[in-house]
$ cat structure.txt   # compact mmCIF, C-alpha atoms
# COMPACT_ATOMS: atom_id res chain seq x y z
CA MET E 16 91.36 109.79 99.57
CA THR E 17 91.92 106.04 99.69
CA ILE E 18 94.05 104.47 102.36
CA PRO E 19 97.57 103.21 101.55
CA THR E 20 97.74 99.56 100.44
CA ASP E 21 100.24 98.64 103.15
CA LEU E 22 98.08 99.99 105.92
CA ASP E 23 95.01 98.27 104.52
CA ARG E 24 96.86 94.97 104.21
CA ARG E 25 98.18 95.28 107.75
CA PHE E 26 94.74 95.83 109.21
CA ARG E 27 93.25 92.91 107.31
CA ALA E 28 96.05 90.68 108.60
CA SER E 29 95.48 91.86 112.20
CA ALA E 30 91.76 91.28 111.82
CA ALA E 31 92.39 87.75 110.51
CA SER E 32 94.74 86.85 113.38
CA SER E 33 92.62 88.59 116.05
CA GLY E 34 90.08 85.78 115.99
CA LEU E 35 87.38 88.46 115.88
CA LEU E 36 86.11 87.78 112.37
CA ALA E 37 83.06 85.55 112.09
CA ALA E 38 83.83 84.98 108.42
CA SER E 39 86.69 85.93 106.13
CA TYR E 40 86.73 85.91 102.37
CA ASP E 41 88.99 86.57 99.43
CA ILE E 42 88.93 86.46 95.67
CA ILE E 43 91.10 83.57 94.46
CA GLU E 44 92.42 83.46 90.90
CA SER E 45 91.89 80.13 89.16
CA LYS E 46 91.80 78.48 85.75
CA LEU E 47 88.03 79.04 85.83
CA GLY E 48 88.41 82.75 86.52
CA PRO E 49 88.20 84.56 89.86
CA LEU E 50 86.50 82.64 92.66
CA PHE E 51 84.87 84.10 95.73
CA ALA E 52 85.84 81.93 98.73
CA ALA E 53 84.84 82.34 102.38
CA VAL E 54 85.79 80.58 105.62
CA THR E 55 84.34 80.70 109.13
CA ASP E 56 85.82 79.31 112.34
CA ARG E 57 84.16 76.03 111.39
CA GLY E 58 85.64 75.73 107.93
CA LEU E 59 85.13 76.57 104.28
CA ALA E 60 81.64 78.04 103.93
CA ARG E 61 81.37 79.26 100.36
CA ILE E 62 82.87 79.11 96.90
CA SER E 63 81.21 81.09 94.16
CA PHE E 64 81.97 81.85 90.53
CA ASP E 65 80.50 85.28 90.92
CA PRO E 66 83.39 87.46 92.09
CA GLU E 67 81.05 90.33 93.01
CA PRO E 68 80.88 89.85 96.75
CA GLU E 69 77.87 92.05 97.61
CA VAL E 70 75.25 89.32 97.67
CA GLU E 71 77.64 86.78 99.14
CA LEU E 72 78.57 89.18 101.94
CA ASP E 73 74.98 89.57 103.00
CA ARG E 74 74.52 85.81 102.93
CA LEU E 75 77.62 85.26 105.03
CA ALA E 76 76.52 87.92 107.49
CA SER E 77 73.15 86.26 107.96
CA LEU E 78 74.90 82.92 108.50
CA ALA E 79 77.73 83.97 110.78
CA GLY E 80 76.98 87.51 111.99
CA PRO E 81 78.09 90.90 110.67
CA ARG E 82 81.82 90.59 111.38
CA VAL E 83 82.64 89.60 107.81
CA MET E 84 85.72 90.94 106.06
CA ARG E 85 88.06 90.31 103.17
CA ALA E 86 91.08 88.87 104.93
CA PRO E 87 93.30 87.02 102.44
CA ARG E 88 95.50 85.46 105.12
CA ALA E 89 92.57 83.48 106.50
CA LEU E 90 92.18 81.82 103.11
CA ASP E 91 95.80 80.68 102.75
CA GLU E 92 95.07 76.97 103.14
CA THR E 93 92.05 77.11 100.83
CA ARG E 94 94.05 78.99 98.21
CA ARG E 95 96.91 76.51 98.42
CA GLU E 96 94.67 73.48 97.97
CA LEU E 97 92.76 75.04 95.09
CA ASP E 98 96.04 76.02 93.38
CA ASP E 99 97.29 72.45 93.77
CA TYR E 100 94.05 71.08 92.42
CA PHE E 101 94.10 73.28 89.33
CA ALA E 102 97.77 72.42 88.76
CA GLY E 103 96.87 68.71 88.75
CA ARG E 104 98.86 68.06 91.95
CA ARG E 105 95.86 67.32 94.17
CA THR E 106 92.94 64.94 93.73
CA ALA E 107 91.16 65.44 97.07
CA PHE E 108 90.69 68.32 99.48
CA ASP E 109 91.61 68.23 103.18
CA LEU E 110 89.57 71.28 104.20
CA GLU E 111 87.08 71.46 107.07
CA LEU E 112 83.65 72.44 105.72
CA ASP E 113 81.00 74.65 107.26
CA LEU E 114 77.65 73.40 105.95
CA ARG E 115 75.42 74.69 108.69
CA GLY E 116 71.93 75.79 107.83
CA LEU E 117 71.39 73.30 105.00
CA PRO E 118 68.33 71.01 104.99
CA ASP E 119 68.82 67.31 105.85
CA PHE E 120 68.21 66.03 102.33
CA THR E 121 70.76 68.48 100.92
CA LEU E 122 73.33 67.39 103.51
CA ARG E 123 72.73 63.73 102.71
CA VAL E 124 73.17 64.34 99.00
CA LEU E 125 76.32 66.43 99.52
CA GLU E 126 77.75 63.76 101.81
CA HIS E 127 77.45 61.17 99.02
CA LEU E 128 78.63 63.66 96.42
CA ALA E 129 81.83 64.15 98.42
CA HIS E 130 82.65 60.47 97.86
CA VAL E 131 82.52 60.55 94.05
CA PRO E 132 86.22 60.09 93.23
CA TYR E 133 88.45 62.41 91.24
CA GLY E 134 88.39 61.72 87.52
CA GLN E 135 85.12 59.74 87.64
CA THR E 136 81.50 60.66 87.10
CA SER E 137 78.24 59.56 88.63
CA THR E 138 74.64 60.35 87.70
CA TYR E 139 71.87 62.37 89.28
CA ARG E 140 69.83 59.18 89.55
CA ASP E 141 72.59 57.23 91.36
CA LEU E 142 73.10 60.05 93.81
CA ALA E 143 69.36 60.21 94.44
CA GLY E 144 69.36 56.47 95.15
CA GLN E 145 72.26 56.77 97.56
CA ALA E 146 70.47 59.57 99.37
CA GLY E 147 67.51 57.24 99.86
CA ASN E 148 65.11 58.29 97.12
CA PRO E 149 65.87 56.96 93.61
CA ARG E 150 63.10 59.08 92.10
CA ALA E 151 64.51 62.35 93.39
CA SER E 152 66.87 63.02 90.46
CA ARG E 153 65.38 66.46 89.91
CA ALA E 154 65.75 67.37 93.57
CA VAL E 155 69.36 66.20 93.38
CA GLY E 156 69.76 68.44 90.34
CA MET E 157 68.55 71.38 92.42
CA VAL E 158 70.99 70.52 95.20
CA MET E 159 73.83 70.44 92.66
CA ASN E 160 72.69 73.76 91.24
CA ARG E 161 72.82 75.38 94.69
CA ASN E 162 75.96 73.62 95.88
CA PRO E 163 77.59 76.12 98.28
CA LEU E 164 81.06 74.64 97.66
CA PRO E 165 81.49 73.82 93.96
CA ILE E 166 84.83 72.25 92.97
CA VAL E 167 85.49 71.09 96.57
CA LEU E 168 82.15 69.25 96.66
CA PRO E 169 82.47 67.93 93.11
CA CYS E 170 79.05 68.52 91.56
CA HIS E 171 80.84 68.80 88.21
CA ARG E 172 81.24 65.00 88.38
CA ILE E 173 77.50 64.43 88.24
CA VAL E 174 76.09 63.91 84.75
CA GLY E 175 72.88 62.66 83.13
CA SER E 176 72.18 58.95 82.74
CA SER E 177 72.85 59.24 78.99
CA GLY E 178 76.24 60.78 79.72
CA SER E 179 75.22 64.32 78.78
CA LEU E 180 76.56 67.09 81.00
CA VAL E 181 73.03 68.44 81.68
CA GLY E 182 73.86 71.62 83.65
CA TYR E 183 76.18 73.42 86.02
CA GLY E 184 75.67 76.32 88.41
CA GLY E 185 78.83 77.96 87.08
CA GLY E 186 77.99 77.32 83.42
CA LEU E 187 78.54 74.19 81.32
CA GLU E 188 81.85 75.47 80.00
CA ARG E 189 83.31 75.36 83.51
CA LYS E 190 81.93 71.87 84.11
CA GLU E 191 83.62 70.67 80.94
CA LYS E 192 86.91 72.29 81.90
CA LEU E 193 86.91 70.65 85.31
CA LEU E 194 86.14 67.22 83.87
CA ARG E 195 88.92 67.63 81.29
CA LEU E 196 91.34 68.72 83.99
CA GLU E 197 90.57 65.52 85.89
CA GLY E 198 90.88 63.41 82.74
CA ALA E 199 87.26 62.32 83.01
CA MET E 200 86.49 63.60 79.54
CA LEU E 201 88.47 63.41 76.37
CA MET J 25 54.57 109.25 116.37
CA MET J 26 55.82 108.22 112.96
CA MET J 27 57.85 105.03 112.83
CA THR J 28 61.16 105.35 111.02
CA ALA J 29 62.93 102.43 109.37
CA VAL J 30 66.00 101.38 111.34
CA ALA J 31 69.12 100.79 109.28
CA SER J 32 70.40 97.24 109.53
CA ILE J 33 74.03 96.55 110.38
CA PRO J 34 76.11 96.18 107.21
CA PRO J 35 78.85 93.54 106.93
CA PHE J 36 82.04 94.83 108.60
CA GLU J 37 83.75 94.97 105.20
CA THR J 38 81.22 97.53 103.98
CA PHE J 39 81.53 99.57 107.16
CA TYR J 40 85.34 99.55 106.85
CA ALA J 41 85.27 100.49 103.17
CA ASP J 42 82.87 103.36 103.87
CA HIS J 43 84.78 104.94 106.76
CA SER J 44 88.46 103.94 106.65
CA ALA J 45 89.62 106.95 104.62
CA GLU J 46 87.88 109.45 106.87
CA VAL J 47 89.15 107.78 110.04
CA LEU J 48 92.70 107.87 108.71
CA GLY J 49 92.29 111.54 107.82
CA LEU J 50 91.12 112.39 111.33
CA LEU J 51 93.98 110.45 112.96
CA ARG J 52 96.61 112.05 110.72
CA ARG J 53 95.37 115.51 111.64
CA ARG J 54 95.49 114.71 115.35
CA LEU J 55 98.60 112.55 115.55
CA GLY J 56 100.67 113.10 112.42
CA ARG J 57 101.39 110.54 109.74
CA ASP J 58 103.72 108.29 111.71
CA ARG J 59 101.51 107.64 114.68
CA ALA J 60 98.28 107.61 112.69
CA ASP J 61 98.96 104.12 111.28
CA ASP J 62 99.00 102.38 114.67
CA ALA J 63 96.01 104.37 115.84
CA PHE J 64 94.16 103.33 112.67
CA GLN J 65 94.71 99.64 113.50
CA GLU J 66 93.60 100.23 117.05
CA THR J 67 90.46 102.11 116.01
CA PHE J 68 89.19 99.44 113.66
CA LEU J 69 90.12 96.59 116.00
CA ARG J 70 88.08 98.28 118.73
CA ALA J 71 85.22 98.73 116.30
CA LEU J 72 85.49 95.10 115.20
CA ARG J 73 85.46 93.91 118.82
CA ALA J 74 82.27 95.85 119.54
CA TYR J 75 80.67 95.31 116.15
CA ASP J 76 78.32 92.45 116.81
CA ARG J 77 76.97 94.10 119.92
CA LEU J 78 75.49 96.90 117.82
CA ARG J 79 71.73 96.80 117.65
CA HIS J 80 71.33 98.72 114.40
CA GLY J 81 73.32 100.43 111.68
CA GLU J 82 72.51 104.06 112.45
CA TYR J 83 75.20 106.64 113.23
CA LEU J 84 78.01 104.24 112.35
CA ARG J 85 80.06 107.11 111.00
CA ALA J 86 79.71 109.12 114.20
CA TRP J 87 80.40 105.97 116.20
CA VAL J 88 83.68 105.14 114.47
CA LEU J 89 84.84 108.77 114.49
CA THR J 90 84.21 108.79 118.24
CA ILE J 91 86.32 105.66 118.68
CA ALA J 92 89.08 107.25 116.57
CA THR J 93 88.96 110.38 118.72
CA ARG J 94 89.32 108.31 121.87
CA VAL J 95 92.23 106.35 120.41
CA ALA J 96 93.93 109.65 119.53
CA ILE J 97 93.43 110.89 123.09
CA ASP J 98 94.84 107.63 124.48
CA THR J 99 97.86 107.96 122.18
CA HIS J 100 98.53 111.50 123.42
CA ARG J 101 98.19 110.35 127.01
CA ARG J 102 100.54 107.44 126.62
CA ALA J 103 103.09 109.82 125.18
CA GLY J 104 102.63 112.06 128.21
CA GLU J 105 101.35 114.91 126.10
CA PRO J 106 98.74 117.31 127.43
CA THR J 107 95.34 116.76 125.87
CA ASP J 108 93.20 119.81 125.49
CA GLU J 109 90.74 117.48 123.85
CA LEU J 110 87.16 116.72 124.67
CA PRO J 111 86.67 115.61 128.24
CA ASP J 112 86.73 111.82 128.37
CA LEU J 113 83.21 110.86 129.29
CA PRO J 114 82.67 107.62 131.15
CA HIS J 115 81.88 105.29 128.33
CA ARG J 116 82.35 101.63 127.69
CA ASP J 117 83.65 100.94 124.21
CA GLY J 118 81.35 98.00 123.73
CA VAL J 119 78.15 99.85 124.45
CA PRO J 120 77.31 102.48 121.88
CA ALA J 121 76.20 105.67 123.50
CA TYR J 122 72.85 105.65 121.76
CA GLU J 123 71.97 102.52 123.71
CA GLU J 124 72.71 104.26 126.99
CA LEU J 125 70.46 107.11 125.95
CA ALA J 126 67.81 105.04 124.24
CA PHE J 127 65.44 104.95 127.19
CA LEU J 128 65.33 108.74 127.17
CA THR J 129 65.34 109.55 123.50
CA ASP J 130 63.26 106.82 121.90
CA GLU J 131 60.18 108.99 121.64
CA LEU J 132 61.78 112.09 120.16
CA PRO J 133 61.23 112.91 116.50
CA PRO J 134 64.07 111.31 114.45
CA LYS J 135 66.06 114.46 113.73
CA GLU J 136 65.98 115.69 117.32
CA ARG J 137 66.80 112.26 118.62
CA ALA J 138 69.83 112.01 116.31
CA ALA J 139 71.06 115.47 117.29
CA VAL J 140 70.65 114.82 121.02
CA VAL J 141 72.39 111.44 120.84
CA LEU J 142 75.29 112.75 118.78
CA ARG J 143 75.75 115.81 120.97
CA TYR J 144 75.34 114.28 124.41
CA GLY J 145 75.96 110.59 123.72
CA TYR J 146 78.93 110.95 121.41
CA ASP J 147 80.10 114.38 122.46
CA LEU J 148 80.42 115.48 118.85
CA ASP J 149 80.50 119.19 118.07
CA TYR J 150 77.83 120.82 115.93
CA GLU J 151 80.01 120.87 112.87
CA GLN J 152 80.40 117.08 113.06
CA ILE J 153 76.72 116.61 113.83
CA ALA J 154 75.76 118.78 110.88
CA SER J 155 77.84 116.66 108.55
CA ALA J 156 76.49 113.42 110.04
CA LEU J 157 72.92 114.64 109.51
CA GLU J 158 73.70 116.41 106.26
CA SER J 159 72.31 119.67 107.53
CA SER J 160 73.71 123.04 108.62
CA GLU J 161 75.36 123.71 111.96
CA ASP J 162 72.50 125.98 112.96
CA ALA J 163 69.92 123.34 112.14
CA ALA J 164 71.88 120.77 114.16
CA ARG J 165 72.08 123.12 117.15
CA GLN J 166 68.37 123.89 116.94
CA ALA J 167 67.43 120.21 116.67
CA ALA J 168 69.53 119.33 119.72
CA SER J 169 68.10 122.12 121.86
CA ALA J 170 64.54 121.41 120.73
CA GLY J 171 65.12 117.77 121.70
CA VAL J 172 66.46 118.73 125.12
CA ARG J 173 63.49 121.09 125.72
CA ARG J 174 61.12 118.31 124.81
CA LEU J 175 62.87 115.88 127.16
CA ARG J 176 62.75 118.44 129.98
CA ARG J 177 59.01 118.94 129.51
CA ARG J 178 58.50 115.20 129.62
CA LEU J 179 60.66 114.65 132.66
CA THR J 180 59.21 117.42 134.84
$ encode --input "structure.txt" --output "C-alpha cells"
Amino acid sequence: MTIPTDLDRRFRASAASSGLLAASYDIIESKLGPLFAAVTDRGLARISFDPEPEVELDRLASLAGPRVMRAPRALDETRRELDDYFAGRRTAFDLELDLRGLPDFTLRVLEHLAHVPYGQTSTYRDLAGQAGNPRASRAVGMVMNRNPLPIVLPCHRIVGSSGSLVGYGGGLERKEKLLRLEGAML
Amino acid sequence: MMMTAVASIPPFETFYADHSAEVLGLLRRRLGRDRADDAFQETFLRALRAYDRLRHGEYLRAWVLTIATRVAIDTHRRAGEPTDELPDLPHRDGVPAYEELAFLTDELPPKERAAVVLRYGYDLDYEQIASALESSEDAARQAASAGVRRLRRRLT
C-alpha cells in the first residue's frame, strides 16, 4: 500500500510550515534536466545535477541534522528564481545562501566567483589571483568542481586562459548550454 | 558481552518513506478512513518534533507505531468515546522509552533487550514484537521473559 498523494502532499506542506525541518529539498525541473535543490533555515544549501537524493540526503543530514525531508513548498522561491533564470528573465539571484562548513579558501574563491557578471566569463587564474594566490589555478579548479551551488554560484562562467571550457562538475555539455543561454558563447 | 552495531538515525525522509503506509493502515483500522488522515498528520508531526532527540535508529518502526497508537487513543478520547485500548503509560513523547529503560537493559543480550524494551517500554503486544524482531510470537515471549529473569537476578 502506498499513501494517497493528497495526504502525502498535505503532510509535506505541514512539515514545511511547522518550522521543524532542518533542511528541505525538492527536485526542480530545468532546461539542464532535473536538479536536486535543498534549503535550510539559513538559505540555499545545495544544488546538484544528480537527481538521486540518497547521497545528498546523508550529506544534508550531517550538515543540518536528521530532520531532512522533501518539502516542495519550502523551495518555492528557489524554484521561481531558477525558472526565471532559465527563461532568460533573470540575470542575478536574490537567494540567501548557506555555505557553512566550507574551508576559508573555498569561501574566498566562491565569494569572488559570485561577482562574475551574467553573460561574461573569467578564468581560473584570475579567480586564483583575486583569492590571493595567483598560482592556485588548480585549487580553484577543484573548488569549481565541488561547487555546492552550481548555476547560482556561476562556476560555468570560469574558463581556461586560452578560452577553452576546460571542465564542469555537471558535464561540459551543461556548461556550454548555460553560457549559450547567457549569450556568453555563440 | 558482544558489542552490537547501533543503527544510525536515517534522514527523516527515509524514515517517513519506510513507515508512512503502515502507520496509515494502523490508523484506518482504529479510526476509520475519515479520521485517519488528521491522525496521520499528527503522528508524523509528533515524530518530527521528537526526531532529533533520538540517540540511535533502532526500533524506529515500533516507536512510530507507538506514537500512532497514542494519537488514535487521543482521538477517541477527544470524541468522548470509550477506549478499551492499552493503558496509557506515563510517557513523554520526546523521550523514547528505550532511553528510560536503557540503564536497566544495556547489558542484556541484544534479542532479550529488544524484547524487554518493546514489551515494557513501548507496551507492544507479542504479535507486534514478533514482527518487529522478525521472529515468532513464542520466541518474542521467551526472549522477553528470559530478559526479565536475567534483570531480576541482577537486581536481587
$ interface_residues --input "structure.txt" --of "chain J" --to "chain E" --cutoff "9 Å" --atoms "all atoms listed in the file" --output "PDB file with C-alpha atoms, in the coordinates of the input"
ATOM      1  CA  ILE J  33      74.030  96.550 110.380  1.00  0.00           C
ATOM      2  CA  PRO J  34      76.110  96.180 107.210  1.00  0.00           C
ATOM      3  CA  PRO J  35      78.850  93.540 106.930  1.00  0.00           C
ATOM      4  CA  PHE J  36      82.040  94.830 108.600  1.00  0.00           C
ATOM      5  CA  GLU J  37      83.750  94.970 105.200  1.00  0.00           C
ATOM      6  CA  THR J  38      81.220  97.530 103.980  1.00  0.00           C
ATOM      7  CA  TYR J  40      85.340  99.550 106.850  1.00  0.00           C
ATOM      8  CA  SER J  44      88.460 103.940 106.650  1.00  0.00           C
ATOM      9  CA  ALA J  45      89.620 106.950 104.620  1.00  0.00           C
ATOM     10  CA  GLU J  46      87.880 109.450 106.870  1.00  0.00           C
ATOM     11  CA  LEU J  48      92.700 107.870 108.710  1.00  0.00           C
ATOM     12  CA  GLY J  49      92.290 111.540 107.820  1.00  0.00           C
ATOM     13  CA  ASP J  61      98.960 104.120 111.280  1.00  0.00           C
ATOM     14  CA  PHE J  64      94.160 103.330 112.670  1.00  0.00           C
ATOM     15  CA  GLN J  65      94.710  99.640 113.500  1.00  0.00           C
ATOM     16  CA  PHE J  68      89.190  99.440 113.660  1.00  0.00           C
ATOM     17  CA  LEU J  69      90.120  96.590 116.000  1.00  0.00           C
ATOM     18  CA  LEU J  72      85.490  95.100 115.200  1.00  0.00           C
ATOM     19  CA  ARG J  73      85.460  93.910 118.820  1.00  0.00           C
ATOM     20  CA  TYR J  75      80.670  95.310 116.150  1.00  0.00           C
ATOM     21  CA  ASP J  76      78.320  92.450 116.810  1.00  0.00           C
TER      22      ASP J  76
END
$ atom_distance --input "structure.txt" --atom1 "atom CA of E:Leu90" --atom2 "atom CA of E:Gly156"
29.1 Å
$ atom_distance --input "structure.txt" --atom1 "atom CA of E:His171" --atom2 "atom CA of E:Leu193"
7.0 Å
$ atom_distance --input "structure.txt" --atom1 "atom CA of J:Arg59" --atom2 "atom CA of J:Ala103"
10.8 Å
$ residues_around --input "structure.txt" --residues "stretch 127-141 of chain E" --least-positions-apart "6" --cutoff "10 Å" --atoms "only C-alpha atoms" --output "number ranges by chain"
E: 105-108, 147-156, 159, 167-181, 193-200
$ residues_around --input "structure.txt" --residues "J:Leu84" --least-positions-apart "4" --cutoff "12 Å" --atoms "only C-alpha atoms" --output "PyMOL selection string"
chain J and resi 31-34+36+38-40+42-44+47+71+74-75+78-80+88-91+120-122+138+142+146+156-157
$ write_last_selection --input "structure.txt" --atoms "C-alpha atoms" --output "short mmCIF file (atom, residue, chain, number, x, y, z; two decimals), keeping the file's coordinate frame"
data_model
loop_
_atom_site.label_atom_id
_atom_site.label_comp_id
_atom_site.auth_asym_id
_atom_site.auth_seq_id
_atom_site.Cartn_x
_atom_site.Cartn_y
_atom_site.Cartn_z
CA ALA J 31 69.12 100.79 109.28
CA SER J 32 70.40 97.24 109.53
CA ILE J 33 74.03 96.55 110.38
CA PRO J 34 76.11 96.18 107.21
CA PHE J 36 82.04 94.83 108.60
CA THR J 38 81.22 97.53 103.98
CA PHE J 39 81.53 99.57 107.16
CA TYR J 40 85.34 99.55 106.85
CA ASP J 42 82.87 103.36 103.87
CA HIS J 43 84.78 104.94 106.76
CA SER J 44 88.46 103.94 106.65
CA VAL J 47 89.15 107.78 110.04
CA ALA J 71 85.22 98.73 116.30
CA ALA J 74 82.27 95.85 119.54
CA TYR J 75 80.67 95.31 116.15
CA LEU J 78 75.49 96.90 117.82
CA ARG J 79 71.73 96.80 117.65
CA HIS J 80 71.33 98.72 114.40
CA VAL J 88 83.68 105.14 114.47
CA LEU J 89 84.84 108.77 114.49
CA THR J 90 84.21 108.79 118.24
CA ILE J 91 86.32 105.66 118.68
CA PRO J 120 77.31 102.48 121.88
CA ALA J 121 76.20 105.67 123.50
CA TYR J 122 72.85 105.65 121.76
CA ALA J 138 69.83 112.01 116.31
CA LEU J 142 75.29 112.75 118.78
CA TYR J 146 78.93 110.95 121.41
CA ALA J 156 76.49 113.42 110.04
CA LEU J 157 72.92 114.64 109.51
#
$ decode --input "structure.txt" --residues "stretch 27-91 of chain J" --atoms "C-alpha atoms" --output "PDB file, in the first residue's frame"
ATOM      1  CA  MET J  27      29.095  -5.432  21.106  1.00  0.00           C
ATOM      2  CA  THR J  28      26.372  -4.914  18.523  1.00  0.00           C
ATOM      3  CA  ALA J  29      26.468  -2.165  15.911  1.00  0.00           C
ATOM      4  CA  VAL J  30      23.955   0.573  16.681  1.00  0.00           C
ATOM      5  CA  ALA J  31      21.868   1.713  13.740  1.00  0.00           C
ATOM      6  CA  SER J  32      22.358   5.378  12.927  1.00  0.00           C
ATOM      7  CA  ILE J  33      19.378   7.691  12.553  1.00  0.00           C
ATOM      8  CA  PRO J  34      18.281   7.901   8.920  1.00  0.00           C
ATOM      9  CA  PRO J  35      17.166  11.208   7.366  1.00  0.00           C
ATOM     10  CA  PHE J  36      13.517  11.875   8.264  1.00  0.00           C
ATOM     11  CA  GLU J  37      12.538  11.432   4.616  1.00  0.00           C
ATOM     12  CA  THR J  38      13.758   7.830   4.678  1.00  0.00           C
ATOM     13  CA  PHE J  39      12.003   7.139   7.969  1.00  0.00           C
ATOM     14  CA  TYR J  40       8.755   8.598   6.590  1.00  0.00           C
ATOM     15  CA  ALA J  41       9.006   6.658   3.331  1.00  0.00           C
ATOM     16  CA  ASP J  42       9.640   3.422   5.225  1.00  0.00           C
ATOM     17  CA  HIS J  43       6.758   3.692   7.697  1.00  0.00           C
ATOM     18  CA  SER J  44       4.039   6.004   6.355  1.00  0.00           C
ATOM     19  CA  ALA J  45       1.974   3.262   4.695  1.00  0.00           C
ATOM     20  CA  GLU J  46       1.952   1.071   7.782  1.00  0.00           C
ATOM     21  CA  VAL J  47       1.079   3.975  10.073  1.00  0.00           C
ATOM     22  CA  LEU J  48      -1.828   4.931   7.831  1.00  0.00           C
ATOM     23  CA  GLY J  49      -3.019   1.325   7.816  1.00  0.00           C
ATOM     24  CA  LEU J  50      -2.988   1.170  11.612  1.00  0.00           C
ATOM     25  CA  LEU J  51      -4.849   4.491  11.949  1.00  0.00           C
ATOM     26  CA  ARG J  52      -7.502   3.493   9.403  1.00  0.00           C
ATOM     27  CA  ARG J  53      -8.187   0.279  11.282  1.00  0.00           C
ATOM     28  CA  ARG J  54      -8.544   2.129  14.576  1.00  0.00           C
ATOM     29  CA  LEU J  55     -10.284   5.310  13.466  1.00  0.00           C
ATOM     30  CA  GLY J  56     -11.810   4.732  10.040  1.00  0.00           C
ATOM     31  CA  ARG J  57     -10.790   6.431   6.827  1.00  0.00           C
ATOM     32  CA  ASP J  58     -12.106   9.911   7.574  1.00  0.00           C
ATOM     33  CA  ARG J  59     -10.391  10.470  10.872  1.00  0.00           C
ATOM     34  CA  ALA J  60      -7.223   8.600   9.923  1.00  0.00           C
ATOM     35  CA  ASP J  61      -5.959  11.470   7.737  1.00  0.00           C
ATOM     36  CA  ASP J  62      -5.761  14.004  10.567  1.00  0.00           C
ATOM     37  CA  ALA J  63      -4.285  11.426  12.905  1.00  0.00           C
ATOM     38  CA  PHE J  64      -1.656  10.636  10.258  1.00  0.00           C
ATOM     39  CA  GLN J  65      -0.563  14.295  10.170  1.00  0.00           C
ATOM     40  CA  GLU J  66      -0.468  14.402  13.939  1.00  0.00           C
ATOM     41  CA  THR J  67       1.560  11.194  14.215  1.00  0.00           C
ATOM     42  CA  PHE J  68       4.306  12.290  11.859  1.00  0.00           C
ATOM     43  CA  LEU J  69       4.422  15.827  13.249  1.00  0.00           C
ATOM     44  CA  ARG J  70       4.947  14.361  16.721  1.00  0.00           C
ATOM     45  CA  ALA J  71       7.631  12.092  15.337  1.00  0.00           C
ATOM     46  CA  LEU J  72       9.275  15.013  13.535  1.00  0.00           C
ATOM     47  CA  ARG J  73       9.236  17.109  16.708  1.00  0.00           C
ATOM     48  CA  ALA J  74      10.993  14.367  18.670  1.00  0.00           C
ATOM     49  CA  TYR J  75      13.207  13.165  15.840  1.00  0.00           C
ATOM     50  CA  ASP J  76      16.466  14.899  16.584  1.00  0.00           C
ATOM     51  CA  ARG J  77      16.345  13.852  20.208  1.00  0.00           C
ATOM     52  CA  LEU J  78      16.682  10.204  19.191  1.00  0.00           C
ATOM     53  CA  ARG J  79      20.034   8.728  20.091  1.00  0.00           C
ATOM     54  CA  HIS J  80      20.045   5.934  17.518  1.00  0.00           C
ATOM     55  CA  GLY J  81      17.978   4.445  14.724  1.00  0.00           C
ATOM     56  CA  GLU J  82      16.860   1.206  16.377  1.00  0.00           C
ATOM     57  CA  TYR J  83      13.203   0.295  16.837  1.00  0.00           C
ATOM     58  CA  LEU J  84      12.018   3.237  14.745  1.00  0.00           C
ATOM     59  CA  ARG J  85       9.132   1.181  13.439  1.00  0.00           C
ATOM     60  CA  ALA J  86       7.961   0.262  16.936  1.00  0.00           C
ATOM     61  CA  TRP J  87       8.480   3.860  18.007  1.00  0.00           C
ATOM     62  CA  VAL J  88       6.309   5.384  15.287  1.00  0.00           C
ATOM     63  CA  LEU J  89       3.611   2.715  15.675  1.00  0.00           C
ATOM     64  CA  THR J  90       3.521   3.565  19.376  1.00  0.00           C
ATOM     65  CA  ILE J  91       3.060   7.257  18.586  1.00  0.00           C
TER      66      ILE J  91
END
